[in-house]
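The next block is data_28.txt, given as compact mmCIF, N, CA and C atoms.
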# COMPACT_ATOMS: atom_id res chain seq x y z
N GLN A 1 2.58 -259.94 -50.97
CA GLN A 1 1.98 -259.71 -49.66
C GLN A 1 2.39 -258.34 -49.14
N VAL A 2 1.44 -257.68 -48.51
CA VAL A 2 1.67 -256.38 -47.90
C VAL A 2 1.40 -256.50 -46.40
N GLN A 3 2.34 -256.06 -45.61
CA GLN A 3 2.14 -256.03 -44.16
C GLN A 3 1.90 -254.58 -43.75
N LEU A 4 0.91 -254.38 -42.90
CA LEU A 4 0.53 -253.05 -42.45
C LEU A 4 0.61 -252.98 -40.93
N VAL A 5 1.25 -251.96 -40.43
CA VAL A 5 1.37 -251.77 -38.98
C VAL A 5 0.95 -250.35 -38.63
N GLU A 6 -0.11 -250.26 -37.82
CA GLU A 6 -0.61 -248.96 -37.39
C GLU A 6 0.07 -248.51 -36.10
N SER A 7 0.13 -247.21 -35.91
CA SER A 7 0.64 -246.63 -34.67
C SER A 7 0.02 -245.25 -34.49
N GLY A 8 0.19 -244.70 -33.30
CA GLY A 8 -0.26 -243.33 -33.07
C GLY A 8 -1.55 -243.21 -32.28
N GLY A 9 -2.17 -244.34 -31.98
CA GLY A 9 -3.38 -244.27 -31.19
C GLY A 9 -3.08 -243.88 -29.75
N GLY A 10 -4.12 -243.63 -28.98
CA GLY A 10 -3.94 -243.27 -27.59
C GLY A 10 -5.21 -242.69 -27.01
N SER A 11 -5.07 -242.09 -25.84
CA SER A 11 -6.20 -241.47 -25.16
C SER A 11 -6.06 -239.96 -25.22
N VAL A 12 -7.15 -239.30 -25.50
CA VAL A 12 -7.13 -237.84 -25.63
C VAL A 12 -8.48 -237.30 -25.19
N GLN A 13 -8.49 -236.07 -24.75
CA GLN A 13 -9.75 -235.44 -24.37
C GLN A 13 -10.46 -234.91 -25.61
N ALA A 14 -11.75 -234.75 -25.48
CA ALA A 14 -12.55 -234.20 -26.58
C ALA A 14 -11.97 -232.85 -27.01
N GLY A 15 -11.91 -232.67 -28.32
CA GLY A 15 -11.34 -231.46 -28.87
C GLY A 15 -9.87 -231.60 -29.21
N GLY A 16 -9.25 -232.67 -28.76
CA GLY A 16 -7.84 -232.89 -29.01
C GLY A 16 -7.58 -233.49 -30.38
N SER A 17 -6.31 -233.79 -30.63
CA SER A 17 -5.88 -234.30 -31.92
C SER A 17 -4.97 -235.51 -31.75
N LEU A 18 -4.98 -236.36 -32.75
CA LEU A 18 -4.06 -237.48 -32.85
C LEU A 18 -3.72 -237.67 -34.32
N ARG A 19 -2.53 -238.22 -34.57
CA ARG A 19 -2.18 -238.59 -35.93
C ARG A 19 -1.83 -240.07 -35.96
N LEU A 20 -2.58 -240.81 -36.72
CA LEU A 20 -2.32 -242.23 -36.89
C LEU A 20 -1.40 -242.43 -38.08
N SER A 21 -0.54 -243.44 -37.96
CA SER A 21 0.35 -243.81 -39.05
C SER A 21 0.14 -245.27 -39.39
N CYS A 22 0.37 -245.61 -40.64
CA CYS A 22 0.27 -246.99 -41.09
C CYS A 22 1.46 -247.25 -42.01
N ALA A 23 2.40 -248.03 -41.51
CA ALA A 23 3.59 -248.34 -42.28
C ALA A 23 3.39 -249.63 -43.06
N ALA A 24 3.64 -249.56 -44.35
CA ALA A 24 3.50 -250.72 -45.22
C ALA A 24 4.87 -251.31 -45.52
N SER A 25 4.93 -252.63 -45.49
CA SER A 25 6.17 -253.32 -45.83
C SER A 25 5.84 -254.52 -46.69
N GLY A 26 6.87 -255.15 -47.22
CA GLY A 26 6.65 -256.26 -48.15
C GLY A 26 6.44 -255.68 -49.54
N ASP A 27 5.42 -256.15 -50.22
CA ASP A 27 5.11 -255.59 -51.53
C ASP A 27 4.55 -254.17 -51.36
N THR A 28 4.77 -253.32 -52.35
CA THR A 28 4.23 -251.96 -52.30
C THR A 28 2.75 -251.98 -52.65
N PRO A 29 1.92 -251.36 -51.83
CA PRO A 29 0.49 -251.27 -52.18
C PRO A 29 0.31 -250.63 -53.55
N ARG A 30 -0.59 -251.16 -54.34
CA ARG A 30 -0.76 -250.68 -55.70
C ARG A 30 -1.39 -249.29 -55.72
N SER A 31 -0.81 -248.42 -56.51
CA SER A 31 -1.27 -247.03 -56.54
C SER A 31 -2.64 -246.89 -57.18
N THR A 32 -3.04 -247.89 -57.96
CA THR A 32 -4.35 -247.81 -58.63
C THR A 32 -5.44 -248.47 -57.79
N TYR A 33 -5.14 -248.67 -56.53
CA TYR A 33 -6.11 -249.21 -55.60
C TYR A 33 -6.23 -248.24 -54.42
N PHE A 34 -7.28 -248.41 -53.64
CA PHE A 34 -7.48 -247.57 -52.47
C PHE A 34 -6.57 -248.02 -51.33
N MET A 35 -6.19 -247.04 -50.52
CA MET A 35 -5.71 -247.31 -49.17
C MET A 35 -6.65 -246.56 -48.25
N GLY A 36 -7.00 -247.19 -47.14
CA GLY A 36 -8.02 -246.56 -46.32
C GLY A 36 -7.86 -246.79 -44.84
N TRP A 37 -8.66 -246.06 -44.10
CA TRP A 37 -8.77 -246.21 -42.65
C TRP A 37 -10.21 -246.60 -42.32
N PHE A 38 -10.32 -247.58 -41.46
CA PHE A 38 -11.61 -248.02 -40.95
C PHE A 38 -11.56 -247.95 -39.44
N ARG A 39 -12.72 -248.01 -38.82
CA ARG A 39 -12.76 -248.05 -37.37
C ARG A 39 -13.91 -248.94 -36.91
N GLN A 40 -13.74 -249.47 -35.72
CA GLN A 40 -14.78 -250.31 -35.14
C GLN A 40 -14.89 -250.02 -33.66
N ALA A 41 -16.06 -249.55 -33.27
CA ALA A 41 -16.35 -249.30 -31.86
C ALA A 41 -16.97 -250.55 -31.27
N PRO A 42 -16.88 -250.72 -29.95
CA PRO A 42 -17.46 -251.91 -29.32
C PRO A 42 -18.95 -252.04 -29.64
N GLY A 43 -19.34 -253.23 -30.07
CA GLY A 43 -20.73 -253.48 -30.37
C GLY A 43 -21.22 -252.94 -31.69
N LYS A 44 -20.33 -252.37 -32.47
CA LYS A 44 -20.72 -251.80 -33.75
C LYS A 44 -19.94 -252.45 -34.89
N GLU A 45 -20.48 -252.28 -36.09
CA GLU A 45 -19.78 -252.81 -37.25
C GLU A 45 -18.61 -251.92 -37.63
N ARG A 46 -17.65 -252.52 -38.29
CA ARG A 46 -16.52 -251.75 -38.79
C ARG A 46 -17.02 -250.81 -39.89
N GLU A 47 -16.55 -249.57 -39.84
CA GLU A 47 -16.99 -248.59 -40.83
C GLU A 47 -15.82 -247.88 -41.48
N GLY A 48 -16.02 -247.48 -42.71
CA GLY A 48 -14.99 -246.74 -43.41
C GLY A 48 -14.91 -245.32 -42.90
N VAL A 49 -13.70 -244.83 -42.69
CA VAL A 49 -13.47 -243.48 -42.19
C VAL A 49 -12.96 -242.58 -43.30
N ALA A 50 -11.94 -243.06 -44.00
CA ALA A 50 -11.35 -242.25 -45.07
C ALA A 50 -10.54 -243.16 -45.99
N ALA A 51 -10.35 -242.71 -47.21
CA ALA A 51 -9.55 -243.49 -48.15
C ALA A 51 -8.87 -242.54 -49.12
N ILE A 52 -7.83 -243.06 -49.74
CA ILE A 52 -7.10 -242.28 -50.74
C ILE A 52 -6.83 -243.17 -51.95
N TYR A 53 -7.00 -242.58 -53.12
CA TYR A 53 -6.71 -243.28 -54.36
C TYR A 53 -5.42 -242.68 -54.88
N THR A 54 -4.33 -243.38 -54.62
CA THR A 54 -3.00 -242.82 -54.83
C THR A 54 -2.78 -242.31 -56.25
N ALA A 55 -3.24 -243.07 -57.25
CA ALA A 55 -2.95 -242.71 -58.64
C ALA A 55 -3.44 -241.31 -59.00
N LYS A 56 -4.53 -240.87 -58.35
CA LYS A 56 -5.07 -239.55 -58.67
C LYS A 56 -4.96 -238.59 -57.50
N GLY A 57 -4.57 -239.10 -56.34
CA GLY A 57 -4.51 -238.25 -55.17
C GLY A 57 -5.88 -237.88 -54.63
N SER A 58 -6.88 -238.63 -55.04
CA SER A 58 -8.25 -238.36 -54.60
C SER A 58 -8.44 -238.88 -53.18
N THR A 59 -9.19 -238.13 -52.38
CA THR A 59 -9.47 -238.54 -51.01
C THR A 59 -10.97 -238.61 -50.79
N TYR A 60 -11.35 -239.46 -49.86
CA TYR A 60 -12.76 -239.72 -49.58
C TYR A 60 -12.93 -239.82 -48.06
N TYR A 61 -14.06 -239.30 -47.58
CA TYR A 61 -14.30 -239.28 -46.14
C TYR A 61 -15.74 -239.65 -45.81
N ALA A 62 -15.88 -240.28 -44.67
CA ALA A 62 -17.22 -240.47 -44.13
C ALA A 62 -17.76 -239.11 -43.69
N ASP A 63 -19.06 -238.95 -43.80
CA ASP A 63 -19.67 -237.67 -43.42
C ASP A 63 -19.35 -237.30 -41.98
N SER A 64 -19.24 -238.30 -41.13
CA SER A 64 -19.04 -238.03 -39.70
C SER A 64 -17.68 -237.44 -39.38
N VAL A 65 -16.74 -237.53 -40.32
CA VAL A 65 -15.38 -237.03 -40.03
C VAL A 65 -14.95 -235.91 -40.98
N LYS A 66 -15.77 -235.60 -41.96
CA LYS A 66 -15.41 -234.55 -42.92
C LYS A 66 -15.13 -233.24 -42.21
N GLY A 67 -14.05 -232.60 -42.60
CA GLY A 67 -13.68 -231.33 -41.99
C GLY A 67 -12.86 -231.48 -40.72
N ARG A 68 -12.78 -232.69 -40.19
CA ARG A 68 -12.01 -232.92 -38.96
C ARG A 68 -10.82 -233.84 -39.19
N PHE A 69 -10.97 -234.82 -40.07
CA PHE A 69 -9.91 -235.79 -40.34
C PHE A 69 -9.32 -235.53 -41.72
N THR A 70 -8.02 -235.83 -41.84
CA THR A 70 -7.34 -235.70 -43.12
C THR A 70 -6.48 -236.93 -43.37
N ILE A 71 -6.70 -237.57 -44.50
CA ILE A 71 -5.89 -238.72 -44.89
C ILE A 71 -4.80 -238.25 -45.85
N SER A 72 -3.62 -238.80 -45.67
CA SER A 72 -2.50 -238.44 -46.55
C SER A 72 -1.53 -239.61 -46.59
N GLN A 73 -0.55 -239.50 -47.47
CA GLN A 73 0.43 -240.58 -47.54
C GLN A 73 1.78 -240.03 -47.97
N ASP A 74 2.80 -240.71 -47.54
CA ASP A 74 4.17 -240.41 -47.93
C ASP A 74 4.66 -241.62 -48.70
N ASN A 75 4.66 -241.52 -50.02
CA ASN A 75 5.01 -242.68 -50.84
C ASN A 75 6.46 -243.11 -50.63
N ALA A 76 7.34 -242.14 -50.38
CA ALA A 76 8.74 -242.48 -50.17
C ALA A 76 8.92 -243.35 -48.93
N LYS A 77 8.05 -243.14 -47.94
CA LYS A 77 8.14 -243.91 -46.70
C LYS A 77 7.14 -245.06 -46.65
N ASN A 78 6.35 -245.20 -47.74
CA ASN A 78 5.30 -246.24 -47.74
C ASN A 78 4.43 -246.15 -46.50
N THR A 79 4.05 -244.94 -46.16
CA THR A 79 3.28 -244.72 -44.93
C THR A 79 2.01 -243.92 -45.22
N LEU A 80 0.93 -244.38 -44.63
CA LEU A 80 -0.37 -243.73 -44.72
C LEU A 80 -0.64 -243.05 -43.38
N TYR A 81 -1.25 -241.88 -43.43
CA TYR A 81 -1.53 -241.14 -42.21
C TYR A 81 -3.02 -240.80 -42.10
N LEU A 82 -3.45 -240.59 -40.88
CA LEU A 82 -4.78 -240.05 -40.64
C LEU A 82 -4.64 -239.00 -39.54
N GLN A 83 -4.73 -237.74 -39.92
CA GLN A 83 -4.70 -236.66 -38.95
C GLN A 83 -6.12 -236.44 -38.45
N MET A 84 -6.30 -236.55 -37.15
CA MET A 84 -7.62 -236.44 -36.55
C MET A 84 -7.65 -235.24 -35.61
N ASN A 85 -8.45 -234.26 -35.95
CA ASN A 85 -8.60 -233.05 -35.14
C ASN A 85 -10.01 -232.96 -34.59
N SER A 86 -10.18 -232.11 -33.60
CA SER A 86 -11.50 -231.89 -33.00
C SER A 86 -12.17 -233.22 -32.66
N LEU A 87 -11.42 -234.06 -32.01
CA LEU A 87 -11.93 -235.40 -31.71
C LEU A 87 -13.12 -235.35 -30.76
N LYS A 88 -14.03 -236.30 -30.96
CA LYS A 88 -15.25 -236.41 -30.16
C LYS A 88 -15.28 -237.78 -29.49
N PRO A 89 -16.01 -237.90 -28.40
CA PRO A 89 -16.12 -239.22 -27.75
C PRO A 89 -16.61 -240.30 -28.71
N GLU A 90 -17.46 -239.94 -29.65
CA GLU A 90 -17.97 -240.94 -30.60
C GLU A 90 -16.92 -241.39 -31.62
N ASP A 91 -15.75 -240.77 -31.60
CA ASP A 91 -14.65 -241.24 -32.44
C ASP A 91 -13.89 -242.39 -31.78
N THR A 92 -14.23 -242.70 -30.54
CA THR A 92 -13.56 -243.79 -29.83
C THR A 92 -13.79 -245.10 -30.56
N ALA A 93 -12.71 -245.78 -30.89
CA ALA A 93 -12.79 -247.03 -31.65
C ALA A 93 -11.40 -247.59 -31.85
N MET A 94 -11.36 -248.82 -32.35
CA MET A 94 -10.12 -249.37 -32.87
C MET A 94 -10.04 -248.94 -34.32
N TYR A 95 -8.91 -248.38 -34.70
CA TYR A 95 -8.72 -247.90 -36.06
C TYR A 95 -7.80 -248.84 -36.82
N TYR A 96 -8.23 -249.19 -38.03
CA TYR A 96 -7.50 -250.13 -38.86
C TYR A 96 -7.10 -249.48 -40.19
N CYS A 97 -5.92 -249.83 -40.62
CA CYS A 97 -5.43 -249.44 -41.93
C CYS A 97 -5.71 -250.59 -42.90
N ALA A 98 -6.04 -250.26 -44.13
CA ALA A 98 -6.31 -251.28 -45.14
C ALA A 98 -5.70 -250.87 -46.47
N ALA A 99 -5.29 -251.87 -47.24
CA ALA A 99 -4.62 -251.59 -48.51
C ALA A 99 -5.17 -252.48 -49.62
N ASP A 100 -4.86 -252.08 -50.84
CA ASP A 100 -5.31 -252.79 -52.04
C ASP A 100 -6.83 -252.89 -52.09
N GLY A 101 -7.46 -251.73 -51.91
CA GLY A 101 -8.91 -251.68 -52.03
C GLY A 101 -9.31 -251.60 -53.50
N ASN A 102 -10.16 -252.50 -53.93
CA ASN A 102 -10.57 -252.57 -55.33
C ASN A 102 -11.32 -251.30 -55.74
N PRO A 103 -10.79 -250.56 -56.71
CA PRO A 103 -11.44 -249.30 -57.11
C PRO A 103 -12.79 -249.51 -57.79
N LEU A 104 -13.11 -250.73 -58.16
CA LEU A 104 -14.42 -251.00 -58.75
C LEU A 104 -15.50 -251.15 -57.69
N ARG A 105 -15.06 -251.15 -56.44
CA ARG A 105 -16.01 -251.24 -55.34
C ARG A 105 -15.91 -249.97 -54.51
N GLY A 106 -16.83 -249.73 -53.65
CA GLY A 106 -16.84 -248.52 -52.84
C GLY A 106 -15.66 -248.48 -51.89
N TRP A 107 -15.09 -247.29 -51.72
CA TRP A 107 -13.94 -247.16 -50.83
C TRP A 107 -14.31 -247.54 -49.40
N TRP A 108 -15.57 -247.45 -49.08
CA TRP A 108 -16.04 -247.71 -47.72
C TRP A 108 -16.31 -249.19 -47.47
N SER A 109 -16.17 -250.00 -48.50
CA SER A 109 -16.52 -251.41 -48.39
C SER A 109 -15.35 -252.22 -47.86
N GLN A 110 -15.55 -252.85 -46.70
CA GLN A 110 -14.49 -253.67 -46.10
C GLN A 110 -14.02 -254.77 -47.06
N SER A 111 -14.97 -255.37 -47.74
CA SER A 111 -14.64 -256.52 -48.59
C SER A 111 -13.82 -256.12 -49.81
N ALA A 112 -13.72 -254.83 -50.08
CA ALA A 112 -12.92 -254.38 -51.22
C ALA A 112 -11.43 -254.47 -50.96
N TYR A 113 -11.04 -254.52 -49.68
CA TYR A 113 -9.63 -254.44 -49.31
C TYR A 113 -9.04 -255.81 -49.06
N LYS A 114 -7.79 -255.94 -49.51
CA LYS A 114 -7.13 -257.24 -49.41
C LYS A 114 -6.27 -257.37 -48.16
N TYR A 115 -5.66 -256.27 -47.74
CA TYR A 115 -4.72 -256.34 -46.61
C TYR A 115 -5.18 -255.43 -45.49
N TRP A 116 -4.97 -255.90 -44.26
CA TRP A 116 -5.39 -255.18 -43.07
C TRP A 116 -4.29 -255.18 -42.02
N GLY A 117 -4.23 -254.08 -41.27
CA GLY A 117 -3.36 -254.04 -40.12
C GLY A 117 -4.07 -254.59 -38.89
N GLN A 118 -3.36 -254.60 -37.77
CA GLN A 118 -3.90 -255.15 -36.53
C GLN A 118 -4.72 -254.13 -35.74
N GLY A 119 -4.58 -252.88 -36.08
CA GLY A 119 -5.38 -251.85 -35.42
C GLY A 119 -4.65 -251.10 -34.33
N THR A 120 -5.11 -249.88 -34.08
CA THR A 120 -4.59 -249.06 -33.00
C THR A 120 -5.78 -248.40 -32.31
N GLN A 121 -5.79 -248.42 -30.99
CA GLN A 121 -6.94 -247.94 -30.23
C GLN A 121 -6.91 -246.43 -30.06
N VAL A 122 -8.05 -245.81 -30.30
CA VAL A 122 -8.23 -244.38 -30.05
C VAL A 122 -9.36 -244.23 -29.05
N THR A 123 -9.08 -243.53 -27.96
CA THR A 123 -10.09 -243.30 -26.93
C THR A 123 -10.20 -241.81 -26.67
N VAL A 124 -11.40 -241.29 -26.81
CA VAL A 124 -11.64 -239.86 -26.62
C VAL A 124 -12.59 -239.70 -25.44
N SER A 125 -12.13 -238.99 -24.44
CA SER A 125 -12.95 -238.78 -23.25
C SER A 125 -13.59 -237.39 -23.27
N SER A 126 -14.75 -237.31 -22.65
CA SER A 126 -15.49 -236.04 -22.65
C SER A 126 -15.08 -235.16 -21.47
For the structure just supplied, provide its representation as structure tokens.
Amino acid sequence: QVQLVESGGGSVQAGGSLRLSCAASGDTPRSTYFMGWFRQAPGKEREGVAAIYTAKGSTYYADSVKGRFTISQDNAKNTLYLQMNSLKPEDTAMYYCAADGNPLRGWWSQSAYKYWGQGTQVTVSS
């Protein structure tokens, strides 16, 4: 079992930055699987934001965040990060960390991931 705890959310004005963290405990997330960030805005479906395939260091991003968000991880600390710059009001959502994403499925697919955190709220005001 892997437990995931997100932190770093908050309220920021448009153009600002936040860094989300996701601390993993229990079993170590498998390096040959995806770790990712998803978000869900009120009234909308949960969507994939970014993912990393640890074994190769490959990163993946939704088109809406490319060039603004950066996913990274510190394996020594078992922590996943999401650096979010140039934030926009449409980035407002609950952000979730996910682990053990099946590499045979799309990194953006919720059903590919086995473990989820409880989420951290990000609110961007205009």
- Task: From a DSSP calculation on the backbone, collect every residue of range 23-120 of chain A in strand (DSSP E) and output the set as an MDAnalysis selection string.
- Result: chainID A and resid 23:26 34:40 47:53 58:61 69:74 79:84 93:101 115:116 120
Need the axis-aligned box for range 91-108 of chain A with 8 Å each side, so what are the centre and edges in Å to one decimal, as JSON?
{"center_x": -10.7, "center_y": -246.8, "center_z": -44.3, "size_x": 28.2, "size_y": 28.1, "size_z": 44.9}
- Task: Select, counting only N, CA and C atoms, all protein, DNA and RNA residues no farther than 7 Å from (-4.3, -246.9, -60.6) in file coordinates, and express the selection as an MDAnalysis selection string.
- Result: chainID A and resid 30:33 54:56
- Item | Top pick for closest residue to Ser17 in chain A, considering A:Asn85, A:Tyr95, A:Ala112, A:Lys77 and counting only N, CA and C atoms |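 Of A:Asn85, A:Tyr95, A:Ala112, A:Lys77, the one nearest Ser17 in chain A is A:Asn85, counting only N, CA and C atoms.
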- Query: So which residues touch Phe34 in chain A within 6 Å, counting only N, CA and C atoms, skipping near sequence neighbours fewer than 3 positions away, as number ranges by chain?
  - Reply: A: 52-54, 98-103
For range 46-48 of chain A, find every residue with an atom within 8 Å (counting all atoms listed in the file), except residues of its own chain fewer than 2 positions away, and show them as an mmCIF file with N, CA and C atoms, keeping the file's coordinate frame.
data_model
loop_
_atom_site.group_PDB
_atom_site.id
_atom_site.type_symbol
_atom_site.label_atom_id
_atom_site.label_comp_id
_atom_site.auth_asym_id
_atom_site.auth_seq_id
_atom_site.Cartn_x
_atom_site.Cartn_y
_atom_site.Cartn_z
ATOM 1 N N GLY A 36 -7.000 -247.190 -47.140
ATOM 2 C CA GLY A 36 -8.020 -246.560 -46.320
ATOM 3 C C GLY A 36 -7.860 -246.790 -44.840
ATOM 4 N N TRP A 37 -8.660 -246.060 -44.100
ATOM 5 C CA TRP A 37 -8.770 -246.210 -42.650
ATOM 6 C C TRP A 37 -10.210 -246.600 -42.320
ATOM 7 N N PHE A 38 -10.320 -247.580 -41.460
ATOM 8 C CA PHE A 38 -11.610 -248.020 -40.950
ATOM 9 C C PHE A 38 -11.560 -247.950 -39.440
ATOM 10 N N ARG A 39 -12.720 -248.010 -38.820
ATOM 11 C CA ARG A 39 -12.760 -248.050 -37.370
ATOM 12 C C ARG A 39 -13.910 -248.940 -36.910
ATOM 13 N N GLN A 40 -13.740 -249.470 -35.720
ATOM 14 C CA GLN A 40 -14.780 -250.310 -35.140
ATOM 15 C C GLN A 40 -14.890 -250.020 -33.660
ATOM 16 N N ALA A 41 -16.060 -249.550 -33.270
ATOM 17 C CA ALA A 41 -16.350 -249.300 -31.860
ATOM 18 C C ALA A 41 -16.970 -250.550 -31.270
ATOM 19 N N GLY A 43 -19.340 -253.230 -30.070
ATOM 20 C CA GLY A 43 -20.730 -253.480 -30.370
ATOM 21 C C GLY A 43 -21.220 -252.940 -31.690
ATOM 22 N N LYS A 44 -20.330 -252.370 -32.470
ATOM 23 C CA LYS A 44 -20.720 -251.800 -33.750
ATOM 24 C C LYS A 44 -19.940 -252.450 -34.890
ATOM 25 N N ALA A 50 -11.940 -243.060 -44.000
ATOM 26 C CA ALA A 50 -11.350 -242.250 -45.070
ATOM 27 C C ALA A 50 -10.540 -243.160 -45.990
ATOM 28 N N ALA A 51 -10.350 -242.710 -47.210
ATOM 29 C CA ALA A 51 -9.550 -243.490 -48.150
ATOM 30 C C ALA A 51 -8.870 -242.540 -49.120
ATOM 31 N N TYR A 60 -11.350 -239.460 -49.860
ATOM 32 C CA TYR A 60 -12.760 -239.720 -49.580
ATOM 33 C C TYR A 60 -12.930 -239.820 -48.060
ATOM 34 N N TYR A 61 -14.060 -239.300 -47.580
ATOM 35 C CA TYR A 61 -14.300 -239.280 -46.140
ATOM 36 C C TYR A 61 -15.740 -239.650 -45.810
ATOM 37 N N ALA A 62 -15.880 -240.280 -44.670
ATOM 38 C CA ALA A 62 -17.220 -240.470 -44.130
ATOM 39 C C ALA A 62 -17.760 -239.110 -43.690
ATOM 40 N N ASP A 63 -19.060 -238.950 -43.800
ATOM 41 C CA ASP A 63 -19.670 -237.670 -43.420
ATOM 42 C C ASP A 63 -19.350 -237.300 -41.980
ATOM 43 N N TRP A 107 -15.090 -247.290 -51.720
ATOM 44 C CA TRP A 107 -13.940 -247.160 -50.830
ATOM 45 C C TRP A 107 -14.310 -247.540 -49.400
ATOM 46 N N TRP A 108 -15.570 -247.450 -49.080
ATOM 47 C CA TRP A 108 -16.040 -247.710 -47.720
ATOM 48 C C TRP A 108 -16.310 -249.190 -47.470
ATOM 49 N N SER A 109 -16.170 -250.000 -48.500
ATOM 50 C CA SER A 109 -16.520 -251.410 -48.390
ATOM 51 C C SER A 109 -15.350 -252.220 -47.860
ATOM 52 N N GLN A 110 -15.550 -252.850 -46.700
ATOM 53 C CA GLN A 110 -14.490 -253.670 -46.100
ATOM 54 C C GLN A 110 -14.020 -254.770 -47.060
#
